[in-house]
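Undergrad: For reference, the structure I am asking about is given below.
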Amino acid sequence: MLLGLTGGIASGKSTVSAILKELGAVIIDADKIAHQSMKYGTRAWEMIVETFGQYIQNDDGSINRRRLARLVFNDQQKKKELESITHPIIISEIKNMVNSLADNEVIVIDAPLLFEVGLDELVDCVWVVYTSRDIQLERLKERDSLTTDEAVSRIEAQLSIKEKCQMADFVIDNNGGIRELKQKIIKLWSDLNENQKNSFNCT
Ligand SMILES: CC(C)(COP(=O)(O)OP(=O)(O)OC[C@H]1O[C@@H](n2cnc3c(N)ncnc32)[C@H](O)[C@@H]1O)[C@@H](O)C(=O)NCCC(=O)NCCS
Ligand SMILES: Nc1ncnc2c1ncn2[C@@H]1O[C@H](COP(=O)(O)OP(=O)(O)OP(=O)(O)O)[C@@H](O)[C@H]1O
């Protein structure tokens with residue numbers, strides 16, 4: 001069973017993934033793969049430095065992701081250039097991991113751009129984590145110490161949450177507290193396992 005987990009930035013995907021991991025799922029984290037793919041000395045690192053220059057490097061040569069983020073989330077063209085370097089690597093690594101983890105009962109692909117990069121076609125079922133715009137903005141500003149303008153440009157760099165919800169098999173409302181979220185995920189997890197026993201049906 002391959003589950004796609006997505007949603008807007010700071011909607012709570014990692015929080016949901018952590019709960020699913022506790023329940024026994026294996027998590028493939030697309031953000032983590034992206035970070036690993038651009039580590040010092042990799043081919044992606046080289047291409048990113050060539051494209052964006054020394055400004056996005058730390059003193060030790062590694063990529064300063066905060067600076068890179070500032071560049072790409074304010075310039076659509078630059079974001080496309082970064083994605084043309086990173087997305088093929090991320091997609092290929094995710095597919096390799098899915099193949100090598102195939103023995104596990106539930107594999108979750110936690111990917112903010114699941115729909116944008118077509119990974120939704122790979123999975124059996126898509127869960128979208130949803131929050132209202134106001135809550136999303138507050139949680140994002142607080143977690144990443146961003147100004148309102150910076151946070152808004154990151155939210156707007158993605159497909160709208162409305163479109164994501166329309167394409168979801170299931171929408172997880174994360175406007176409440178963590179305890180409420182945990183209860184929802186426990187319930188969904190037991191439905192998922194029940195469903196699997198009775199030949200899988202996502203909805
Ligand atoms: C811009 C980068 C350097 C910022 O790094 P940073 O550590 O500050 O943020 P992190 O990677 O944890 O991403 C935080 C969130 O930003 C959003 N985000 C990241 N990349 C993108 C993107 N290309 N388009 C829209 N939103 C994005 C996602 O919601 C993600 O969860 C980094 O996000 C990156 O390399 N992005 C390009 C690769 C990518 O598309 N990753 C998403 C995996 S599908
Ligand atoms: N139900 C909740 N109540 C309060 N805070 C929450 C809740 N869910 C998540 N958060 C907080 O909101 C922030 C964003 O959550 P999280 O990092 O899980 O989002 P994400 O969707 O994985 O983000 P990204 O798209 O950047 O990867 C975090 O600081 C997290 O602790």
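Labels for the structure tokens follow display order: chains A, B, ..., residues from 1 in each chain, ligands from 1.
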Residues within 9 Å of ligand 1, counting only C-alpha atoms and all ligand atoms: report them as number ranges by chain.

TA: A: 6-11, 13-14, 29-35, 37-38, 63-73, 79-80, 82-83, 85-87, 90-91, 110-114, 116-117, 119, 144, 154-159

Undergrad: Can I get the selection written as a short mmCIF file (atom, residue, chain, number, x, y, z; two decimals), in the first residue's frame, with N, CA and C atoms?

TA:
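Here's the written file selection_27.cif:
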```cif
data_model
loop_
_atom_site.label_atom_id
_atom_site.label_comp_id
_atom_site.auth_asym_id
_atom_site.auth_seq_id
_atom_site.Cartn_x
_atom_site.Cartn_y
_atom_site.Cartn_z
N THR A 6 0.25 14.93 1.08
CA THR A 6 0.64 16.25 0.61
C THR A 6 -0.25 17.32 1.24
N GLY A 7 -0.08 18.56 0.79
CA GLY A 7 -0.83 19.67 1.38
C GLY A 7 0.00 20.93 1.19
N GLY A 8 -0.53 22.04 1.62
CA GLY A 8 0.19 23.30 1.48
C GLY A 8 1.41 23.34 2.39
N ILE A 9 2.27 24.32 2.16
CA ILE A 9 3.43 24.49 3.02
C ILE A 9 2.96 24.75 4.46
N ALA A 10 3.61 24.08 5.40
CA ALA A 10 3.29 24.22 6.83
C ALA A 10 1.86 23.82 7.20
N SER A 11 1.28 22.94 6.38
CA SER A 11 -0.08 22.48 6.70
C SER A 11 -0.05 21.41 7.80
N LYS A 13 2.15 18.28 7.21
CA LYS A 13 2.51 16.97 6.62
C LYS A 13 3.54 16.22 7.48
N SER A 14 4.58 16.94 7.90
CA SER A 14 5.63 16.26 8.69
C SER A 14 5.06 15.80 10.03
N ASP A 29 10.52 10.90 2.80
CA ASP A 29 10.36 12.34 2.99
C ASP A 29 11.03 13.09 1.83
N ALA A 30 10.20 13.67 0.95
CA ALA A 30 10.75 14.31 -0.27
C ALA A 30 11.63 15.52 0.07
N ASP A 31 11.28 16.27 1.12
CA ASP A 31 12.12 17.42 1.48
C ASP A 31 13.52 16.95 1.90
N LYS A 32 13.54 15.85 2.66
CA LYS A 32 14.82 15.32 3.13
C LYS A 32 15.66 14.84 1.93
N ILE A 33 15.00 14.20 0.99
CA ILE A 33 15.72 13.72 -0.21
C ILE A 33 16.28 14.93 -0.96
N ALA A 34 15.47 16.00 -1.06
CA ALA A 34 15.93 17.22 -1.75
C ALA A 34 17.19 17.76 -1.06
N HIS A 35 17.16 17.79 0.27
CA HIS A 35 18.32 18.33 1.01
C HIS A 35 19.56 17.46 0.79
N SER A 37 20.15 15.55 -1.72
CA SER A 37 20.61 15.57 -3.12
C SER A 37 21.52 16.76 -3.41
N MET A 38 21.42 17.83 -2.60
CA MET A 38 22.24 19.02 -2.89
C MET A 38 23.38 19.20 -1.87
N ILE A 63 25.43 24.55 0.52
CA ILE A 63 24.39 25.48 0.08
C ILE A 63 23.65 26.09 1.26
N ASN A 64 23.51 27.40 1.23
CA ASN A 64 22.75 28.11 2.25
C ASN A 64 21.29 28.10 1.78
N ARG A 65 20.52 27.15 2.32
CA ARG A 65 19.16 26.95 1.81
C ARG A 65 18.26 28.14 2.10
N ARG A 66 18.53 28.84 3.16
CA ARG A 66 17.70 30.00 3.49
C ARG A 66 17.86 31.08 2.41
N ARG A 67 19.09 31.27 1.97
CA ARG A 67 19.34 32.26 0.91
C ARG A 67 18.74 31.80 -0.42
N LEU A 68 18.93 30.51 -0.70
CA LEU A 68 18.39 29.96 -1.95
C LEU A 68 16.87 30.10 -1.95
N ALA A 69 16.27 29.83 -0.80
CA ALA A 69 14.80 29.94 -0.69
C ALA A 69 14.37 31.38 -0.97
N ARG A 70 15.10 32.33 -0.42
CA ARG A 70 14.75 33.74 -0.62
C ARG A 70 14.78 34.08 -2.12
N LEU A 71 15.78 33.53 -2.82
CA LEU A 71 15.87 33.80 -4.27
C LEU A 71 14.70 33.17 -5.03
N VAL A 72 14.49 31.86 -4.80
CA VAL A 72 13.55 31.16 -5.67
C VAL A 72 12.09 31.47 -5.37
N PHE A 73 11.78 31.78 -4.10
CA PHE A 73 10.38 32.05 -3.81
C PHE A 73 9.98 33.49 -4.18
N LYS A 79 12.93 29.71 -9.59
CA LYS A 79 12.35 28.51 -8.98
C LYS A 79 12.32 27.36 -10.00
N LYS A 80 11.95 27.71 -11.24
CA LYS A 80 11.92 26.68 -12.31
C LYS A 80 13.31 26.13 -12.55
N LEU A 82 15.80 25.93 -10.41
CA LEU A 82 16.16 25.03 -9.31
C LEU A 82 15.44 23.70 -9.45
N GLU A 83 14.16 23.76 -9.78
CA GLU A 83 13.37 22.52 -9.90
C GLU A 83 13.87 21.65 -11.05
N ILE A 85 16.80 21.19 -11.84
CA ILE A 85 17.97 20.45 -11.34
C ILE A 85 17.51 19.38 -10.33
N THR A 86 16.65 19.78 -9.40
CA THR A 86 16.36 18.89 -8.26
C THR A 86 15.25 17.86 -8.54
N HIS A 87 14.22 18.23 -9.28
CA HIS A 87 13.08 17.32 -9.39
C HIS A 87 13.39 15.96 -10.02
N ILE A 90 14.99 13.94 -7.28
CA ILE A 90 14.06 13.60 -6.19
C ILE A 90 13.11 12.48 -6.65
N ILE A 91 12.56 12.63 -7.85
CA ILE A 91 11.58 11.64 -8.35
C ILE A 91 12.26 10.27 -8.51
N ASP A 110 5.78 11.46 1.65
CA ASP A 110 5.44 12.79 2.15
C ASP A 110 6.09 13.80 1.20
N ALA A 111 5.28 14.39 0.33
CA ALA A 111 5.83 15.27 -0.72
C ALA A 111 4.96 16.50 -0.90
N PRO A 112 5.51 17.69 -0.60
CA PRO A 112 4.71 18.91 -0.76
C PRO A 112 4.23 19.12 -2.19
N LEU A 113 5.03 18.64 -3.16
CA LEU A 113 4.67 18.88 -4.57
C LEU A 113 4.21 17.59 -5.25
N LEU A 114 3.56 16.72 -4.49
CA LEU A 114 3.13 15.42 -5.02
C LEU A 114 2.37 15.56 -6.35
N GLU A 116 2.15 18.39 -8.27
CA GLU A 116 2.89 19.22 -9.22
C GLU A 116 3.89 18.40 -10.02
N VAL A 117 4.50 17.36 -9.38
CA VAL A 117 5.51 16.58 -10.11
C VAL A 117 4.97 15.24 -10.61
N LEU A 119 3.71 12.71 -8.89
CA LEU A 119 3.90 11.52 -8.05
C LEU A 119 2.56 10.94 -7.59
N ASP A 144 9.30 29.17 10.63
CA ASP A 144 10.48 29.53 9.82
C ASP A 144 10.95 30.96 10.04
N ARG A 154 5.75 32.13 -0.29
CA ARG A 154 5.97 30.66 -0.27
C ARG A 154 4.64 29.91 -0.45
N ILE A 155 3.60 30.43 0.19
CA ILE A 155 2.28 29.76 0.04
C ILE A 155 1.85 29.83 -1.43
N GLU A 156 2.10 30.98 -2.05
CA GLU A 156 1.62 31.17 -3.42
C GLU A 156 2.50 30.48 -4.47
N ALA A 157 3.64 29.96 -4.03
CA ALA A 157 4.53 29.25 -4.98
C ALA A 157 4.01 27.85 -5.26
N GLN A 158 2.94 27.44 -4.57
CA GLN A 158 2.42 26.09 -4.75
C GLN A 158 1.01 26.13 -5.35
N LEU A 159 0.60 25.00 -5.84
CA LEU A 159 -0.78 24.80 -6.29
C LEU A 159 -1.69 25.19 -5.13
#
```

Undergrad: Please list as an NGL selection string every residue within 12 Å of segment 95-104 of chain A, counting only C-alpha atoms and excluding residues in the same chain fewer than 3 positions away.

TA: :A and (1-4 or 24-30 or 33 or 88-92 or 107-109 or 119 or 121-123)

Undergrad: Figure out the distance between atom CA of Leu192 of chain A and atom CA of Arg179 of chain A, please, to one decimal in Å.

TA: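 So the answer is 19.9 Å.
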
Undergrad: Ranking A:Ile56, A:Ile48, A:Met167, A:Ile19 by minimum distance to ligand 2 and counting only C-alpha atoms and all ligand atoms, which one comes first?

TA: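 Among the listed residues, A:Ile19 lies closest to ligand 2.
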
Undergrad: Go through A:Leu146, A:Val16, A:Leu137, A:Val49 and flag the residue nearest ligand 2, using only C-alpha atoms and all ligand atoms for the distances.

TA: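 Checking each candidate against ligand 2, we get A:Val16 as the closest.
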
Undergrad: Could you check the closest approach to ligand 2 for each of A:Ser190, A:Ser132, A:Ser153, A:Thr15 and tell me which residue wins, using only C-alpha atoms and all ligand atoms?

TA: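 Of all the options, A:Thr15 lies closest to ligand 2.
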
Undergrad: Quick one: pick out all alpha helix (DSSP H) residues within chain A from a backbone DSSP run and write them as a PyMOL selection string.

TA: chain A and resi 13-23+30-37+43-52+65-72+76-100+133-144+148-156+161-167+178-197

Undergrad: Determine the nearest neighbour of ligand 2 from the options A:Phe115, A:Tyr130, A:Phe170, A:Phe52, counting only C-alpha atoms and all ligand atoms.

TA: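 Among the listed residues, the smallest separation from ligand 2 belongs to A:Tyr130.
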
Undergrad: Would you list, as a ChimeraX atom specification, the residues of chain A that end up in strand (DSSP E) under DSSP run on this structure's backbone?

TA: /A:2-7,26-29,107-110,125-130,170-173

Undergrad: Select, from A:Glu150, A:Glu163, A:Glu194, A:Glu142, the residue with the minimum atom-to-atom distance to ligand 2, counting only C-alpha atoms and all ligand atoms.

TA: A:Glu142
